[in-house]
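Notes follow once the structure below has been shown.
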Amino acid sequence: MPRRRSYDQYCSAARALDAVGDRWTLLIVRELLAGPRRYTDLHADLPGVSTDMLAGRLKEMEGAALVTRRRLPPPVSAYVYELTPRGRDLLSVLRALAEWGAPALEEPRPTDAVRAHWFAIPLLGALEGVVTGVVQVTLDEGAFHLRVGGEGAAWYADGPAEAPDAHLHTDTATCRALANGELTLAEAVAAGRARLDETVRVAG
């Protein structure tokens with residue numbers, strides 16, 4: 001495999017960018033943080049990426065020990081990509097980027113694609129200290145679930161949860177407002193912009 005381009009700077013930030021600074025790499029990580037994905041699923045949830053670009057980035061990420069590829073057992077018999085522990089450590093990086101980028105997330109542009117689970121990362125921050133456990137979030141665009149509070153690391157996954165501790169029903173505009181700090185979850189519930197089941201503790 002050819003050597004990847006490098007900044008050739010003895011700096012930890014430069015080394016990190018050597019591994020994840022290329023276009024699409026961190027968005028591939030965002031998808032794989034939601035769980036193992038087949039190539040076709042990755043391509044479907046990364047609108048705009050070419051097949052050649054996606055295949056190339058995945059190979060580079062395998063070479064950087066961020067991603068592994070494995071075959072699922074029968075009857076599925078398909079290959080999936082999943083993050084290594086080092087790859088999963090990038091969640092904190094994506095959370096910081098999402099927090100930094102939240103003020104620039106205004107109304108969706110006509111060309112913008114939207115996926116429900118793209119709101120999982122900003123909601124991790126918005127829900128911390130407010131709810132605890134596995135929360136299933138349902139938007140018009142679909143469902144995802146995440147784990148916040150308590151013991152253990154925060155995480156998220158695409159689709160409904162098997163046994164969530166709570167359900168949150170809301171919309172993308174409210175998710176954006178929560179991520180921006182324009183609304184607290186309690187305010188969103190009081191305004192009728194979000195609905196929570198009765199078992200969830202909501203802080204002001």
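Chain labels A, B, ... are given in the sequence in which chains occur in the structure tokens; within each chain residues are numbered consecutively from 1, and ligands are likewise numbered from 1 in the order shown.
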
Exercise for the section: Name the residues in contact with Ala98 in chain A at a cut-off of 8 Å, using only C-alpha atoms, excluding same-chain residues fewer than 3 positions from it; report them as a PyMOL selection string. Expected result: chain A and resi 94-95+101-102+121-122

Please dump the current selection as a tab-separated table (two decimals), in the first residue's frame; keep N, CA and C atoms.
```
chain	number	residue	atom	x	y	z
A	94	LEU	N	-15.09	14.10	17.38
A	94	LEU	CA	-16.30	14.47	16.66
A	94	LEU	C	-17.26	15.27	17.54
A	95	ARG	N	-17.29	14.96	18.83
A	95	ARG	CA	-18.14	15.74	19.73
A	95	ARG	C	-17.66	17.18	19.81
A	101	GLY	N	-19.14	23.40	15.52
A	101	GLY	CA	-19.87	23.68	14.30
A	101	GLY	C	-21.34	23.98	14.49
A	102	ALA	N	-21.87	23.72	15.68
A	102	ALA	CA	-23.31	23.89	15.92
A	102	ALA	C	-23.83	25.29	15.58
A	121	ILE	N	-24.58	12.80	17.85
A	121	ILE	CA	-23.40	13.38	18.48
A	121	ILE	C	-23.72	14.69	19.20
A	122	PRO	N	-24.39	15.65	18.56
A	122	PRO	CA	-24.72	16.86	19.33
A	122	PRO	C	-25.67	16.60	20.50
```

Exercise for the section: Write out as a list in words which residues come within 12 Å of range 70-73 of chain A when counting only C-alpha atoms, dropping same-chain ones fewer than 5 positions away. Expected result: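 Here the qualifying residues turn out to be Pro36, Arg37, Arg38, Tyr39, Glu62, Ala78, Tyr79, Val80, Tyr81, Glu82, Leu83 and Thr84 of chain A.
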
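Our summary of the geometry notes that CA of Leu127 in chain A is positioned 27.1 Å from CA of Trp24 in chain A.
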
Handout entry: Nearest to Ala166 in chain A by atom-to-atom distance, counting only C-alpha atoms, from A:Asp197, A:Glu187, A:Glu182, A:Asp140
Key = A:Asp197

Exercise for the section: Excluding Leu32 in chain A and any residue of its chain fewer than 2 positions from it, enumerate the residues within 12 Å of it, using only C-alpha atoms, and give them as a VMD selection string. Expected result: chain A and resid 25 to 30 34 to 39 41 to 43 45 to 46 58 61 66 to 69 80 to 85 87 to 91 117 to 118 155 to 158

Problem - Gap from CA of Asp22 in chain A to CA of Ala96 in chain A - Å, one decimal - result: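 Computed distance, CA of Asp22 in chain A to CA of Ala96 in chain A, equals 17.7 Å.
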
Within range 62-104 of chain A, find each residue whose DSSP state, derived from the backbone, is strand (DSSP E or B), and express the selection as a PDB file with N, CA and C atoms, in the first residue's frame.
```pdb
ATOM      1  N   VAL A  67      -9.950   1.095  11.339  1.00  0.00           N
ATOM      2  CA  VAL A  67     -11.087   0.313  10.867  1.00  0.00           C
ATOM      3  C   VAL A  67     -10.643  -1.115  10.593  1.00  0.00           C
ATOM      4  N   THR A  68     -11.527  -2.060  10.839  1.00  0.00           N
ATOM      5  CA  THR A  68     -11.298  -3.448  10.429  1.00  0.00           C
ATOM      6  C   THR A  68     -12.471  -3.903   9.565  1.00  0.00           C
ATOM      7  N   ARG A  69     -12.222  -4.912   8.773  1.00  0.00           N
ATOM      8  CA  ARG A  69     -13.253  -5.486   7.903  1.00  0.00           C
ATOM      9  C   ARG A  69     -13.399  -6.955   8.266  1.00  0.00           C
ATOM     10  N   ARG A  70     -14.642  -7.385   8.482  1.00  0.00           N
ATOM     11  CA  ARG A  70     -14.860  -8.785   8.838  1.00  0.00           C
ATOM     12  C   ARG A  70     -16.105  -9.312   8.142  1.00  0.00           C
ATOM     13  N   ARG A  71     -16.143 -10.621   8.000  1.00  0.00           N
ATOM     14  CA  ARG A  71     -17.270 -11.264   7.346  1.00  0.00           C
ATOM     15  C   ARG A  71     -18.290 -11.705   8.395  1.00  0.00           C
ATOM     16  N   TYR A  79     -19.690  -8.712   4.236  1.00  0.00           N
ATOM     17  CA  TYR A  79     -18.596  -8.055   4.936  1.00  0.00           C
ATOM     18  C   TYR A  79     -19.089  -6.750   5.549  1.00  0.00           C
ATOM     19  N   VAL A  80     -18.592  -6.450   6.730  1.00  0.00           N
ATOM     20  CA  VAL A  80     -18.898  -5.174   7.372  1.00  0.00           C
ATOM     21  C   VAL A  80     -17.594  -4.509   7.798  1.00  0.00           C
ATOM     22  N   TYR A  81     -17.650  -3.205   7.897  1.00  0.00           N
ATOM     23  CA  TYR A  81     -16.543  -2.417   8.433  1.00  0.00           C
ATOM     24  C   TYR A  81     -16.923  -1.976   9.834  1.00  0.00           C
ATOM     25  N   GLU A  82     -15.947  -1.983  10.722  1.00  0.00           N
ATOM     26  CA  GLU A  82     -16.192  -1.502  12.079  1.00  0.00           C
ATOM     27  C   GLU A  82     -14.935  -0.826  12.612  1.00  0.00           C
ATOM     28  N   LEU A  83     -15.138   0.041  13.578  1.00  0.00           N
ATOM     29  CA  LEU A  83     -14.021   0.782  14.146  1.00  0.00           C
ATOM     30  C   LEU A  83     -13.225  -0.077  15.119  1.00  0.00           C
TER      31      LEU A  83
END
```

Practice task
Measure the distance from CA of Gly48 in chain A to CA of Leu105 in chain A in Å and round it to one decimal.
Solution key: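 For CA of Gly48 in chain A relative to CA of Leu105 in chain A, the distance reads 18.8 Å.
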
Practice task
Would you list the contacts of Ala19 in chain A as a list of chain:residue names, taking every protein, DNA or RNA residue within 7 Å and counting only C-alpha atoms, but skipping same-chain residues closer than 3 positions in sequence?
Solution key: A:Arg15, A:Ala16, A:Ala64

Please produce a file of those selected residues containing C-alpha atoms, as a PDB file, in the first residue's frame.
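Output below, filename selection12.pdb:
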```pdb
ATOM      1  CA  ARG A  15       0.096  13.274  13.269  1.00  0.00           C
ATOM      2  CA  ALA A  16      -3.626  13.132  13.990  1.00  0.00           C
ATOM      3  CA  ALA A  64      -4.023   3.341   9.966  1.00  0.00           C
TER       4      ALA A  64
END
```

Handout entry: Top pick for closest residue to Leu54 in chain A, considering A:Thr138, A:Ser6, A:Ser12, A:Thr40 and counting only C-alpha atoms
Key = A:Thr40

Exercise for the section: Could you check which of A:Glu141, A:Tyr7, A:Ala44, A:Ser50 is closest to Asp171 in chain A, using only C-alpha atoms? Expected result: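 So, comparing all the options, the nearest one is A:Glu141.
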
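Within range 109-178 of chain A, DSSP applied to the backbone places the following residues in alpha helix (DSSP H): A:Ala120, A:Ile121, A:Pro122, A:Leu123, A:Leu124, A:Gly125, A:Ala126, A:Leu127, A:Thr172, A:Ala173, A:Thr174, A:Cys175, A:Arg176, A:Ala177, A:Leu178.
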